[in-house]
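Here's the structure we're looking at; comments come further down.
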Amino acid sequence: SMSDIADKEFPGMINELLKQHQVAPEFLRVEFTERACLIDKPVIKNVLNELSGLGIELGINDFCSGYTSFTYLCNFPINYIKIEQIHLDEMRQD
């Protein structure tokens, strides 16, 4: 949820769960919406950097549903983005 990605304790909680269940971090993906990036940028950036540092793959779901630009993504350690299908269809028509 958006509140989780803005929680400074989230990376530690995820790390503990990975250890507890003996799951390697590279098998976990955390997806969030572009809207979540806008909550508290410095906190979000730190949380995402910590998650990335653990080896967790990070992605943005429903990119282009708001007003975030691709250059904005340079601020975060993002591995992949999912763009809304309607935008891809519009690009094909144009």
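Every chain in the structure tokens has a letter given in the order shown (A, B, ...), and although residue numbers restart at 1 in each chain, ligands are simply numbered from 1 in the order shown.
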For the alpha helix (DSSP H) assignment from backbone DSSP, which residues of segment 26-86 of chain A qualify? Please present them as a compact mmCIF listing (two decimals) with all heavy atoms, in the first residue's frame.
```txt
# COMPACT_ATOMS: atom_id res chain seq x y z
N GLU A 34 2.71 5.03 -9.29
CA GLU A 34 3.47 6.29 -9.40
C GLU A 34 2.98 7.29 -8.37
O GLU A 34 3.74 8.11 -7.88
CB GLU A 34 3.38 6.86 -10.80
CG GLU A 34 2.01 7.33 -11.21
CD GLU A 34 1.98 7.90 -12.60
OE1 GLU A 34 2.51 9.00 -12.79
OE2 GLU A 34 1.44 7.25 -13.49
N ARG A 35 1.72 7.21 -8.00
CA ARG A 35 1.17 8.10 -6.98
C ARG A 35 1.90 7.93 -5.65
O ARG A 35 2.12 8.89 -4.92
CB ARG A 35 -0.32 7.84 -6.80
CG ARG A 35 -0.95 8.68 -5.73
CD ARG A 35 -2.36 8.25 -5.49
NE ARG A 35 -3.24 9.21 -6.11
CZ ARG A 35 -4.54 9.12 -6.09
NH1 ARG A 35 -5.11 8.06 -5.54
NH2 ARG A 35 -5.28 10.05 -6.62
N ALA A 36 2.29 6.70 -5.34
CA ALA A 36 3.01 6.43 -4.10
C ALA A 36 4.35 7.17 -4.06
O ALA A 36 4.82 7.56 -2.99
CB ALA A 36 3.24 4.93 -3.93
N CYS A 37 4.95 7.38 -5.22
CA CYS A 37 6.24 8.10 -5.29
C CYS A 37 6.11 9.55 -4.85
O CYS A 37 7.09 10.18 -4.49
CB CYS A 37 6.77 8.11 -6.72
SG CYS A 37 7.16 6.52 -7.38
N LYS A 41 8.73 12.31 -1.04
CA LYS A 41 9.81 11.90 -1.94
C LYS A 41 11.10 11.49 -1.23
O LYS A 41 11.66 10.45 -1.55
CB LYS A 41 10.08 12.98 -2.98
CG LYS A 41 8.93 13.18 -3.93
CD LYS A 41 9.19 14.36 -4.86
CE LYS A 41 7.92 14.72 -5.59
NZ LYS A 41 8.07 15.91 -6.41
N PRO A 42 11.60 12.26 -0.27
CA PRO A 42 12.85 11.84 0.38
C PRO A 42 12.71 10.51 1.13
O PRO A 42 13.60 9.67 1.06
CB PRO A 42 13.17 12.98 1.35
CG PRO A 42 12.43 14.16 0.81
CD PRO A 42 11.20 13.61 0.16
N VAL A 43 11.59 10.32 1.81
CA VAL A 43 11.37 9.06 2.54
C VAL A 43 11.22 7.91 1.57
O VAL A 43 11.84 6.86 1.74
CB VAL A 43 10.13 9.17 3.46
CG1 VAL A 43 9.78 7.81 4.05
CG2 VAL A 43 10.37 10.18 4.57
N ILE A 44 10.42 8.11 0.52
CA ILE A 44 10.21 7.06 -0.48
C ILE A 44 11.54 6.67 -1.12
O ILE A 44 11.84 5.49 -1.29
CB ILE A 44 9.23 7.54 -1.58
CG1 ILE A 44 7.87 7.86 -1.00
CG2 ILE A 44 9.13 6.51 -2.70
CD1 ILE A 44 7.14 6.71 -0.41
N LYS A 45 12.34 7.66 -1.44
CA LYS A 45 13.64 7.37 -2.07
C LYS A 45 14.51 6.53 -1.15
O LYS A 45 15.13 5.55 -1.58
CB LYS A 45 14.35 8.67 -2.44
CG LYS A 45 15.62 8.45 -3.22
CD LYS A 45 16.22 9.75 -3.69
CE LYS A 45 17.49 9.50 -4.48
NZ LYS A 45 18.07 10.72 -5.01
N ASN A 46 14.55 6.86 0.13
CA ASN A 46 15.34 6.08 1.09
C ASN A 46 14.81 4.66 1.24
O ASN A 46 15.58 3.70 1.27
CB ASN A 46 15.37 6.77 2.46
CG ASN A 46 16.24 8.00 2.45
OD1 ASN A 46 17.13 8.16 1.63
ND2 ASN A 46 15.97 8.91 3.38
N VAL A 47 13.49 4.52 1.33
CA VAL A 47 12.88 3.20 1.47
C VAL A 47 13.21 2.35 0.25
O VAL A 47 13.62 1.19 0.36
CB VAL A 47 11.35 3.31 1.69
CG1 VAL A 47 10.67 1.96 1.53
CG2 VAL A 47 11.05 3.90 3.06
N LEU A 48 13.04 2.92 -0.93
CA LEU A 48 13.31 2.17 -2.16
C LEU A 48 14.79 1.83 -2.30
O LEU A 48 15.14 0.73 -2.74
CB LEU A 48 12.83 2.95 -3.38
CG LEU A 48 11.31 3.16 -3.46
CD1 LEU A 48 10.96 3.95 -4.70
CD2 LEU A 48 10.57 1.85 -3.43
N ASN A 49 15.66 2.74 -1.90
CA ASN A 49 17.10 2.44 -1.94
C ASN A 49 17.45 1.29 -0.99
O ASN A 49 18.28 0.44 -1.32
CB ASN A 49 17.92 3.68 -1.61
CG ASN A 49 18.04 4.63 -2.78
OD1 ASN A 49 18.01 4.23 -3.93
ND2 ASN A 49 18.15 5.91 -2.49
N GLU A 50 16.83 1.28 0.18
CA GLU A 50 17.08 0.19 1.13
C GLU A 50 16.58 -1.14 0.58
O GLU A 50 17.26 -2.17 0.68
CB GLU A 50 16.42 0.48 2.47
CG GLU A 50 17.14 1.53 3.28
CD GLU A 50 16.52 1.71 4.66
OE1 GLU A 50 16.28 0.68 5.33
OE2 GLU A 50 16.28 2.86 5.05
N LEU A 51 15.36 -1.13 0.00
CA LEU A 51 14.81 -2.36 -0.57
C LEU A 51 15.69 -2.85 -1.72
O LEU A 51 15.99 -4.05 -1.82
CB LEU A 51 13.38 -2.13 -1.06
CG LEU A 51 12.32 -1.92 0.01
CD1 LEU A 51 11.01 -1.47 -0.62
CD2 LEU A 51 12.12 -3.19 0.84
N SER A 52 16.11 -1.94 -2.56
CA SER A 52 16.98 -2.29 -3.68
C SER A 52 18.31 -2.84 -3.16
O SER A 52 18.85 -3.81 -3.71
CB SER A 52 17.22 -1.07 -4.56
OG SER A 52 18.07 -1.38 -5.63
N GLY A 53 18.82 -2.25 -2.11
CA GLY A 53 20.07 -2.70 -1.50
C GLY A 53 19.98 -4.12 -0.95
O GLY A 53 20.98 -4.82 -0.86
N LEU A 54 18.77 -4.53 -0.58
CA LEU A 54 18.56 -5.90 -0.11
C LEU A 54 18.55 -6.89 -1.27
O LEU A 54 18.65 -8.10 -1.06
CB LEU A 54 17.22 -6.01 0.63
CG LEU A 54 17.10 -5.27 1.96
CD1 LEU A 54 15.66 -5.33 2.47
CD2 LEU A 54 18.07 -5.85 2.99
N GLN A 85 -2.26 0.02 -20.58
CA GLN A 85 -2.49 -0.42 -21.95
C GLN A 85 -3.13 0.67 -22.81
O GLN A 85 -2.79 0.83 -23.97
CB GLN A 85 -3.39 -1.67 -21.96
CG GLN A 85 -3.59 -2.26 -23.34
CD GLN A 85 -2.30 -2.80 -23.94
OE1 GLN A 85 -1.50 -3.41 -23.23
NE2 GLN A 85 -2.09 -2.59 -25.22
N ILE A 86 -4.02 1.45 -22.26
CA ILE A 86 -4.70 2.49 -23.04
C ILE A 86 -3.71 3.48 -23.63
O ILE A 86 -3.88 3.95 -24.75
CB ILE A 86 -5.79 3.20 -22.21
CG1 ILE A 86 -6.64 4.07 -23.13
CG2 ILE A 86 -5.19 4.02 -21.09
CD1 ILE A 86 -7.93 4.53 -22.50
```
Neighbouring residues of Ile81 of chain A were defined as those with any atom within 10 Å, considering only C-alpha atoms; residues of the same chain fewer than 5 positions away were excluded. Please report them as an mmCIF file with N, CA and C atoms, in the first residue's frame.
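This is the output file out.cif:
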```cif
data_model
loop_
_atom_site.group_PDB
_atom_site.id
_atom_site.type_symbol
_atom_site.label_atom_id
_atom_site.label_comp_id
_atom_site.auth_asym_id
_atom_site.auth_seq_id
_atom_site.Cartn_x
_atom_site.Cartn_y
_atom_site.Cartn_z
ATOM 1 N N GLU A 31 5.915 -3.874 -6.069
ATOM 2 C CA GLU A 31 5.349 -2.938 -7.036
ATOM 3 C C GLU A 31 4.567 -1.875 -6.285
ATOM 4 N N PHE A 32 4.611 -0.683 -6.808
ATOM 5 C CA PHE A 32 3.849 0.415 -6.231
ATOM 6 C C PHE A 32 3.402 1.315 -7.371
ATOM 7 N N THR A 33 2.456 2.177 -7.079
ATOM 8 C CA THR A 33 1.945 3.075 -8.110
ATOM 9 C C THR A 33 2.795 4.332 -8.170
ATOM 10 N N GLU A 34 2.713 5.034 -9.293
ATOM 11 C CA GLU A 34 3.469 6.288 -9.400
ATOM 12 C C GLU A 34 2.982 7.292 -8.367
ATOM 13 N N LEU A 58 12.239 -3.798 -7.875
ATOM 14 C CA LEU A 58 11.224 -2.767 -7.675
ATOM 15 C C LEU A 58 10.590 -2.351 -8.985
ATOM 16 N N GLY A 59 9.282 -2.157 -8.950
ATOM 17 C CA GLY A 59 8.583 -1.750 -10.157
ATOM 18 C C GLY A 59 7.456 -0.787 -9.873
ATOM 19 N N ILE A 60 7.101 -0.045 -10.910
ATOM 20 C CA ILE A 60 5.965 0.863 -10.827
ATOM 21 C C ILE A 60 4.844 0.276 -11.675
ATOM 22 N N ASN A 61 3.691 0.119 -11.058
ATOM 23 C CA ASN A 61 2.509 -0.399 -11.726
ATOM 24 C C ASN A 61 1.633 0.771 -12.139
ATOM 25 N N ASP A 62 0.952 0.654 -13.259
ATOM 26 C CA ASP A 62 0.044 1.696 -13.758
ATOM 27 C C ASP A 62 0.746 3.017 -14.015
ATOM 28 N N PHE A 63 1.958 2.964 -14.541
ATOM 29 C CA PHE A 63 2.657 4.203 -14.876
ATOM 30 C C PHE A 63 1.866 4.929 -15.956
ATOM 31 N N CYS A 64 1.864 6.217 -15.909
ATOM 32 C CA CYS A 64 1.115 7.104 -16.810
ATOM 33 C C CYS A 64 -0.326 7.291 -16.364
ATOM 34 N N LEU A 73 11.692 9.101 -12.925
ATOM 35 C CA LEU A 73 12.113 7.763 -12.529
ATOM 36 C C LEU A 73 13.595 7.683 -12.208
#
```
If you count only C-alpha atoms, which residues fall within 9 Å of Phe27 of chain A, apart from same-chain ones fewer than 5 positions away, as an NGL selection string? :A and (55-57)
May I ask which of the residues A:Leu38, A:Asp7, A:Arg92, A:Glu26 is the closest one to Phe76 of chain A, counting only C-alpha atoms?
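Looking at the shortest contact to Phe76 of chain A, the residue is A:Leu38.
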When distances are computed from only C-alpha atoms, which of A:Val30, A:Ala6, A:Ala24, A:Leu18 shows the smallest separation from Tyr80 of chain A?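 Closest to Tyr80 of chain A, using only C-alpha atoms: A:Val30.
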If I take atom CA of Asn79 of chain A and atom CA of His21 of chain A, how far is one from the other in Å, to one decimal?
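Going from atom CA of Asn79 of chain A over to atom CA of His21 of chain A covers 24.0 Å.
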